[in-house]
Structures are given as structure tokens and as C-alpha cells.
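Trainee: Input input.pdb, format and content: PDB, C-alpha atoms, pLDDT in the B column.
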MODEL        1
ATOM      1  CA  LEU Z   1      51.549   9.510  30.320  1.00 86.00           C
ATOM      2  CA  ALA Z   2      54.978   7.988  29.825  1.00 80.00           C
ATOM      3  CA  GLU Z   3      54.048   6.891  26.300  1.00 86.00           C
ATOM      4  CA  GLU Z   4      53.296  10.519  25.361  1.00 92.00           C
ATOM      5  CA  ASN Z   5      56.399  11.791  27.230  1.00 91.00           C
ATOM      6  CA  ILE Z   6      54.313  13.921  29.634  1.00 94.00           C
ATOM      7  CA  ASP Z   7      56.316  15.585  32.425  1.00 94.00           C
ATOM      8  CA  VAL Z   8      53.438  17.278  34.291  1.00 93.00           C
ATOM      9  CA  ALA Z   9      49.723  16.436  34.303  1.00 94.00           C
ATOM     10  CA  CYS Z  10      47.057  18.270  36.338  1.00 93.00           C
ATOM     11  CA  ILE Z  11      43.669  16.684  36.957  1.00 92.00           C
ATOM     12  CA  GLN Z  12      40.655  18.455  38.466  1.00 91.00           C
ATOM     13  CA  GLU Z  13      37.454  17.042  39.968  1.00 91.00           C
ATOM     14  CA  THR Z  14      39.191  13.830  41.049  1.00 92.00           C
ATOM     15  CA  HIS Z  15      36.448  12.944  43.574  1.00 92.00           C
ATOM     16  CA  LEU Z  16      39.114  11.091  45.600  1.00 90.00           C
ATOM     17  CA  ASN Z  17      39.243  10.836  49.375  1.00 88.00           C
ATOM     18  CA  ALA Z  18      41.710   9.417  51.915  1.00 86.00           C
ATOM     19  CA  GLN Z  19      40.523   5.858  51.263  1.00 89.00           C
ATOM     20  CA  HIS Z  20      41.347   6.014  47.538  1.00 90.00           C
ATOM     21  CA  ARG Z  21      44.826   4.952  46.504  1.00 91.00           C
ATOM     22  CA  PHE Z  22      46.067   6.424  43.235  1.00 90.00           C
ATOM     23  CA  TRP Z  23      49.484   6.189  41.637  1.00 90.00           C
ATOM     24  CA  ILE Z  24      51.044   5.809  38.220  1.00 94.00           C
ATOM     25  CA  ARG Z  25      54.403   4.108  37.884  1.00 94.00           C
ATOM     26  CA  GLY Z  26      57.178   6.579  37.128  1.00 94.00           C
ATOM     27  CA  TYR Z  27      55.328   9.608  38.532  1.00 95.00           C
ATOM     28  CA  GLN Z  28      55.156  11.476  41.839  1.00 93.00           C
ATOM     29  CA  THR Z  29      51.609  12.191  42.962  1.00 93.00           C
ATOM     30  CA  PHE Z  30      50.551  15.402  44.688  1.00 91.00           C
ATOM     31  CA  ARG Z  31      46.892  15.577  45.592  1.00 90.00           C
ATOM     32  CA  LEU Z  32      44.463  17.658  47.554  1.00 88.00           C
ATOM     33  CA  ASP Z  33      41.263  15.788  48.321  1.00 88.00           C
ATOM     34  CA  ARG Z  34      38.132  17.704  49.128  1.00 82.00           C
ATOM     35  CA  GLU Z  35      35.798  16.927  51.994  1.00 79.00           C
ATOM     36  CA  GLY Z  36      32.450  15.810  50.656  1.00 76.00           C
ATOM     37  CA  HIS Z  37      31.487  14.180  47.399  1.00 74.00           C
ATOM     38  CA  LYS Z  38      32.995  16.373  44.712  1.00 82.00           C
ATOM     39  CA  GLY Z  39      36.132  18.323  43.890  1.00 86.00           C
ATOM     40  CA  GLY Z  40      39.759  17.504  44.465  1.00 88.00           C
ATOM     41  CA  VAL Z  41      42.894  18.079  42.420  1.00 89.00           C
ATOM     42  CA  LEU Z  42      45.828  15.876  41.530  1.00 91.00           C
ATOM     43  CA  THR Z  43      49.186  16.688  39.951  1.00 92.00           C
ATOM     44  CA  LEU Z  44      51.420  14.016  38.463  1.00 93.00           C
ATOM     45  CA  LEU Z  45      55.115  14.794  37.961  1.00 93.00           C
ATOM     46  CA  ARG Z  46      57.576  12.529  36.214  1.00 94.00           C
ATOM     47  CA  ASN Z  47      59.994  11.016  38.755  1.00 94.00           C
ATOM     48  CA  GLY Z  48      63.239  12.950  39.023  1.00 93.00           C
ATOM     49  CA  ILE Z  49      61.642  16.395  38.711  1.00 92.00           C
ATOM     50  CA  PRO Z  50      62.292  18.251  41.995  1.00 91.00           C
ATOM     51  CA  ALA Z  51      59.017  19.433  43.509  1.00 90.00           C
ATOM     52  CA  LYS Z  52      57.156  20.033  46.741  1.00 87.00           C
ATOM     53  CA  GLN Z  53      53.511  20.604  47.596  1.00 87.00           C
ATOM     54  CA  LYS Z  54      52.282  23.619  49.539  1.00 85.00           C
ATOM     55  CA  ASP Z  55      48.692  23.716  50.800  1.00 79.00           C
ATOM     56  CA  MET Z  56      47.069  26.754  52.402  1.00 79.00           C
ATOM     57  CA  THR Z  57      43.696  28.194  53.308  1.00 77.00           C
ATOM     58  CA  THR Z  58      42.759  31.794  52.581  1.00 78.00           C
ATOM     59  CA  GLY Z  59      39.338  33.346  52.969  1.00 77.00           C
ATOM     60  CA  GLY Z  60      37.832  29.915  53.606  1.00 72.00           C
ATOM     61  CA  VAL Z  61      39.190  28.584  50.289  1.00 75.00           C
ATOM     62  CA  LEU Z  62      41.612  25.639  50.309  1.00 73.00           C
ATOM     63  CA  ILE Z  63      44.489  26.136  47.860  1.00 80.00           C
ATOM     64  CA  THR Z  64      47.251  23.805  46.707  1.00 81.00           C
ATOM     65  CA  CYS Z  65      50.387  24.947  44.955  1.00 81.00           C
ATOM     66  CA  ASP Z  66      53.032  22.602  43.587  1.00 80.00           C
ATOM     67  CA  GLU Z  67      56.483  24.144  43.351  1.00 81.00           C
ATOM     68  CA  VAL Z  68      58.272  22.492  40.416  1.00 87.00           C
ATOM     69  CA  GLN Z  69      61.880  22.994  39.334  1.00 80.00           C
ATOM     70  CA  MET Z  70      62.474  22.237  35.679  1.00 76.00           C
TER      71      MET Z  70
ENDMDL
END
With the file now loaded, output its structure as C-alpha cells.

Mentor:
Amino acid sequence: LAEENIDVACIQETHLNAQHRFWIRGYQTFRLDREGHKGGVLTLLRNGIPAKQKDMTTGGVLITCDEVQM
């Protein structure tokens, strides 16, 4: 990511759970793991970019929203 000068990367279908550790040097990690075997999302933001994660549930659907200031 750093080599390509990527500021924001979004990854779907991560299949991660609470026992998985995931980080990339130089990036903040925001993730929303899904219960069960599939799903999950992860957002990587270059360090220094102000951001916060907001998770919510609506109509039985779990939603994550990352507020990024660039």
C-alpha cells in the first residue's frame, strides 16, 4: 500500500473474527467482523488521516461507516 501511495483501501469478505490480528505498518485499521464463517469488511487509512468508525444496525443489517477527513 505504501509503495503505491494508497491513502484509503477497502477490503470486503475478510473472513476475519476476533481471534485474527491484522495490521499494516503505517495504516489505521477499521474493521467489522461478521459472526459466522463469511463476510466482514476492513478499511485501511494511512496514519495521520483523521477518521472514526461508526457501526450501526438497521432492519437487521449490520452497517459500518468510516468518517474520513481529507

Trainee: Within 10 Å of Z:Gln53, counting all atoms listed in the file, which residues show up once you throw out same-chain ones fewer than 2 positions away? Write them as a list in words, please.

Mentor: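 Result of the neighbour search: Thr29, Phe30, Arg31, Leu32, Thr43, Ala51, Asp55, Thr64, Cys65, Asp66, Glu67 and Val68 of chain Z.
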
Trainee: Kindly indicate which residue among Z:Gly36, Z:Asp7, Z:Glu13, Z:Gln19 lies nearest to Z:Gly48, using only C-alpha atoms for the distances.

Mentor: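 Selected residue with least distance to Z:Gly48: Z:Asp7.
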
Trainee: Given the choices Z:Thr58, Z:Gln69, Z:Gln12, Z:Asn47, which gets closest to Z:Arg25 if the distance is worked out from only C-alpha atoms?

Mentor: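 Closest residue, counting only C-alpha atoms: Z:Asn47.
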
Trainee: Work out how far apart atom CA of Z:Gly26 and atom CA of Z:Arg46 are and give it in Å to one decimal.

Mentor: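 Value for the atom CA of Z:Gly26-atom CA of Z:Arg46 distance: 6.0 Å.
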
Trainee: So how many Å separate atom CA of Z:Ile24 and atom CA of Z:Ile63, to one decimal?

Mentor: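 Straight-line distance from atom CA of Z:Ile24 to atom CA of Z:Ile63 works out to 23.4 Å.
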
Trainee: Quick one: which residues end up in the PyMOL selection byres ((chain Z and resi 1) around 12) for this structure, as an mmCIF file with C-alpha atoms, in the coordinates of the input?

Mentor:
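Ended up saving to result02.cif:
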data_model
loop_
_atom_site.group_PDB
_atom_site.id
_atom_site.type_symbol
_atom_site.label_atom_id
_atom_site.label_comp_id
_atom_site.auth_asym_id
_atom_site.auth_seq_id
_atom_site.Cartn_x
_atom_site.Cartn_y
_atom_site.Cartn_z
ATOM 1 C CA ALA Z 2 54.978 7.988 29.825
ATOM 2 C CA GLU Z 3 54.048 6.891 26.300
ATOM 3 C CA GLU Z 4 53.296 10.519 25.361
ATOM 4 C CA ASN Z 5 56.399 11.791 27.230
ATOM 5 C CA ILE Z 6 54.313 13.921 29.634
ATOM 6 C CA ASP Z 7 56.316 15.585 32.425
ATOM 7 C CA VAL Z 8 53.438 17.278 34.291
ATOM 8 C CA ALA Z 9 49.723 16.436 34.303
ATOM 9 C CA CYS Z 10 47.057 18.270 36.338
ATOM 10 C CA TRP Z 23 49.484 6.189 41.637
ATOM 11 C CA ILE Z 24 51.044 5.809 38.220
ATOM 12 C CA ARG Z 25 54.403 4.108 37.884
ATOM 13 C CA GLY Z 26 57.178 6.579 37.128
ATOM 14 C CA TYR Z 27 55.328 9.608 38.532
ATOM 15 C CA LEU Z 44 51.420 14.016 38.463
ATOM 16 C CA LEU Z 45 55.115 14.794 37.961
ATOM 17 C CA ARG Z 46 57.576 12.529 36.214
#

Trainee: Any idea what the distance is between atom CA of Z:Met56 and atom CA of Z:His20?

Mentor: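 Atom CA of Z:His20 lies at a distance of 22.1 Å from atom CA of Z:Met56.
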
Trainee: Could you put an axis-aligned box around every listed atom of stretch 39-51 of chain Z, padded by 6 Å on each side, and send me its centre and edge lengths in Å to one decimal, as lines of an AutoDock Vina configuration file?

Mentor:
center_x = 49.7
center_y = 15.2
center_z = 40.3
size_x = 39.1
size_y = 20.4
size_z = 20.3

Trainee: Which residues are close to Z:Glu35, i.e. within 12 Å by only C-alpha atoms, leaving aside same-chain residues fewer than 5 positions away? Reply as JSON, numbers by chain.

Mentor: {"Z": [14, 15, 16, 17, 18, 40, 41, 62]}

Trainee: Using the partial input, fill out stretch 4-37 of chain Z with N, CA and C atoms; write the result as a PDB file, in the coordinates of the input.

Mentor:
ATOM      1  N   GLU Z   4      53.380   9.215  26.031  1.00 92.00           N
ATOM      2  CA  GLU Z   4      53.296  10.519  25.361  1.00 92.00           C
ATOM      3  C   GLU Z   4      54.383  11.482  25.836  1.00 92.00           C
ATOM      4  N   ASN Z   5      55.289  10.994  26.708  1.00 91.00           N
ATOM      5  CA  ASN Z   5      56.399  11.791  27.230  1.00 91.00           C
ATOM      6  C   ASN Z   5      55.915  13.029  28.002  1.00 91.00           C
ATOM      7  N   ILE Z   6      54.884  12.848  28.817  1.00 94.00           N
ATOM      8  CA  ILE Z   6      54.313  13.921  29.634  1.00 94.00           C
ATOM      9  C   ILE Z   6      55.148  14.085  30.907  1.00 94.00           C
ATOM     10  N   ASP Z   7      55.578  15.309  31.191  1.00 94.00           N
ATOM     11  CA  ASP Z   7      56.316  15.585  32.425  1.00 94.00           C
ATOM     12  C   ASP Z   7      55.386  15.972  33.566  1.00 94.00           C
ATOM     13  N   VAL Z   8      54.363  16.779  33.275  1.00 93.00           N
ATOM     14  CA  VAL Z   8      53.438  17.278  34.291  1.00 93.00           C
ATOM     15  C   VAL Z   8      52.012  17.118  33.787  1.00 93.00           C
ATOM     16  N   ALA Z   9      51.145  16.549  34.627  1.00 94.00           N
ATOM     17  CA  ALA Z   9      49.723  16.436  34.303  1.00 94.00           C
ATOM     18  C   ALA Z   9      48.919  16.904  35.507  1.00 94.00           C
ATOM     19  N   CYS Z  10      47.922  17.759  35.271  1.00 93.00           N
ATOM     20  CA  CYS Z  10      47.057  18.270  36.338  1.00 93.00           C
ATOM     21  C   CYS Z  10      45.640  17.796  36.069  1.00 93.00           C
ATOM     22  N   ILE Z  11      45.015  17.234  37.089  1.00 92.00           N
ATOM     23  CA  ILE Z  11      43.669  16.684  36.957  1.00 92.00           C
ATOM     24  C   ILE Z  11      42.773  17.339  37.996  1.00 92.00           C
ATOM     25  N   GLN Z  12      41.632  17.840  37.566  1.00 91.00           N
ATOM     26  CA  GLN Z  12      40.655  18.455  38.466  1.00 91.00           C
ATOM     27  C   GLN Z  12      39.465  17.532  38.645  1.00 91.00           C
ATOM     28  N   GLU Z  13      38.666  17.816  39.677  1.00 91.00           N
ATOM     29  CA  GLU Z  13      37.454  17.042  39.968  1.00 91.00           C
ATOM     30  C   GLU Z  13      37.772  15.551  40.091  1.00 91.00           C
ATOM     31  N   THR Z  14      38.776  15.226  40.905  1.00 92.00           N
ATOM     32  CA  THR Z  14      39.191  13.830  41.049  1.00 92.00           C
ATOM     33  C   THR Z  14      38.179  12.992  41.829  1.00 92.00           C
ATOM     34  N   HIS Z  15      37.431  13.622  42.722  1.00 92.00           N
ATOM     35  CA  HIS Z  15      36.448  12.944  43.574  1.00 92.00           C
ATOM     36  C   HIS Z  15      37.105  11.876  44.451  1.00 92.00           C
ATOM     37  N   LEU Z  16      38.398  12.037  44.745  1.00 90.00           N
ATOM     38  CA  LEU Z  16      39.114  11.091  45.600  1.00 90.00           C
ATOM     39  C   LEU Z  16      39.014  11.513  47.060  1.00 90.00           C
ATOM     40  N   ASN Z  17      39.149  10.539  47.950  1.00 88.00           N
ATOM     41  CA  ASN Z  17      39.243  10.836  49.375  1.00 88.00           C
ATOM     42  C   ASN Z  17      40.367   9.994  49.966  1.00 88.00           C
ATOM     43  N   ALA Z  18      40.578  10.073  51.264  1.00 86.00           N
ATOM     44  CA  ALA Z  18      41.710   9.417  51.915  1.00 86.00           C
ATOM     45  C   ALA Z  18      41.723   7.901  51.703  1.00 86.00           C
ATOM     46  N   GLN Z  19      40.570   7.303  51.454  1.00 89.00           N
ATOM     47  CA  GLN Z  19      40.523   5.858  51.263  1.00 89.00           C
ATOM     48  C   GLN Z  19      40.908   5.416  49.850  1.00 89.00           C
ATOM     49  N   HIS Z  20      40.965   6.343  48.914  1.00 90.00           N
ATOM     50  CA  HIS Z  20      41.347   6.014  47.538  1.00 90.00           C
ATOM     51  C   HIS Z  20      42.863   6.035  47.396  1.00 90.00           C
ATOM     52  N   ARG Z  21      43.395   4.987  46.826  1.00 91.00           N
ATOM     53  CA  ARG Z  21      44.826   4.952  46.504  1.00 91.00           C
ATOM     54  C   ARG Z  21      44.952   5.216  45.012  1.00 91.00           C
ATOM     55  N   PHE Z  22      45.875   6.087  44.645  1.00 90.00           N
ATOM     56  CA  PHE Z  22      46.067   6.424  43.235  1.00 90.00           C
ATOM     57  C   PHE Z  22      47.543   6.664  42.987  1.00 90.00           C
ATOM     58  N   TRP Z  23      48.100   5.968  42.026  1.00 90.00           N
ATOM     59  CA  TRP Z  23      49.484   6.189  41.637  1.00 90.00           C
ATOM     60  C   TRP Z  23      49.669   5.684  40.220  1.00 90.00           C
ATOM     61  N   ILE Z  24      50.657   6.255  39.551  1.00 94.00           N
ATOM     62  CA  ILE Z  24      51.044   5.809  38.220  1.00 94.00           C
ATOM     63  C   ILE Z  24      52.551   5.606  38.260  1.00 94.00           C
ATOM     64  N   ARG Z  25      52.979   4.435  37.856  1.00 94.00           N
ATOM     65  CA  ARG Z  25      54.403   4.108  37.884  1.00 94.00           C
ATOM     66  C   ARG Z  25      55.221   5.154  37.125  1.00 94.00           C
ATOM     67  N   GLY Z  26      56.290   5.608  37.755  1.00 94.00           N
ATOM     68  CA  GLY Z  26      57.178   6.579  37.128  1.00 94.00           C
ATOM     69  C   GLY Z  26      56.823   8.031  37.416  1.00 94.00           C
ATOM     70  N   TYR Z  27      55.779   8.243  38.242  1.00 95.00           N
ATOM     71  CA  TYR Z  27      55.328   9.608  38.532  1.00 95.00           C
ATOM     72  C   TYR Z  27      55.153   9.822  40.024  1.00 95.00           C
ATOM     73  N   GLN Z  28      55.475  11.035  40.480  1.00 93.00           N
ATOM     74  CA  GLN Z  28      55.156  11.476  41.839  1.00 93.00           C
ATOM     75  C   GLN Z  28      53.713  11.979  41.821  1.00 93.00           C
ATOM     76  N   THR Z  29      52.999  11.750  42.884  1.00 93.00           N
ATOM     77  CA  THR Z  29      51.609  12.191  42.962  1.00 93.00           C
ATOM     78  C   THR Z  29      51.451  13.218  44.075  1.00 93.00           C
ATOM     79  N   PHE Z  30      50.923  14.374  43.717  1.00 91.00           N
ATOM     80  CA  PHE Z  30      50.551  15.402  44.688  1.00 91.00           C
ATOM     81  C   PHE Z  30      49.045  15.570  44.575  1.00 91.00           C
ATOM     82  N   ARG Z  31      48.344  15.456  45.678  1.00 90.00           N
ATOM     83  CA  ARG Z  31      46.892  15.577  45.592  1.00 90.00           C
ATOM     84  C   ARG Z  31      46.336  16.349  46.771  1.00 90.00           C
ATOM     85  N   LEU Z  32      45.204  16.955  46.517  1.00 88.00           N
ATOM     86  CA  LEU Z  32      44.463  17.658  47.554  1.00 88.00           C
ATOM     87  C   LEU Z  32      43.020  17.206  47.424  1.00 88.00           C
ATOM     88  N   ASP Z  33      42.629  16.304  48.328  1.00 88.00           N
ATOM     89  CA  ASP Z  33      41.263  15.788  48.321  1.00 88.00           C
ATOM     90  C   ASP Z  33      40.345  16.800  48.972  1.00 88.00           C
ATOM     91  N   ARG Z  34      39.107  16.780  48.569  1.00 82.00           N
ATOM     92  CA  ARG Z  34      38.132  17.704  49.128  1.00 82.00           C
ATOM     93  C   ARG Z  34      37.158  16.939  50.005  1.00 82.00           C
ATOM     94  N   GLU Z  35      36.798  17.541  51.121  1.00 79.00           N
ATOM     95  CA  GLU Z  35      35.798  16.927  51.994  1.00 79.00           C
ATOM     96  C   GLU Z  35      34.466  16.941  51.258  1.00 79.00           C
ATOM     97  N   GLY Z  36      33.727  15.878  51.356  1.00 76.00           N
ATOM     98  CA  GLY Z  36      32.450  15.810  50.656  1.00 76.00           C
ATOM     99  C   GLY Z  36      32.563  14.949  49.413  1.00 76.00           C
ATOM    100  N   HIS Z  37      31.592  15.097  48.532  1.00 74.00           N
ATOM    101  CA  HIS Z  37      31.487  14.180  47.399  1.00 74.00           C
ATOM    102  C   HIS Z  37      32.165  14.636  46.121  1.00 74.00           C
TER     103      HIS Z  37
END
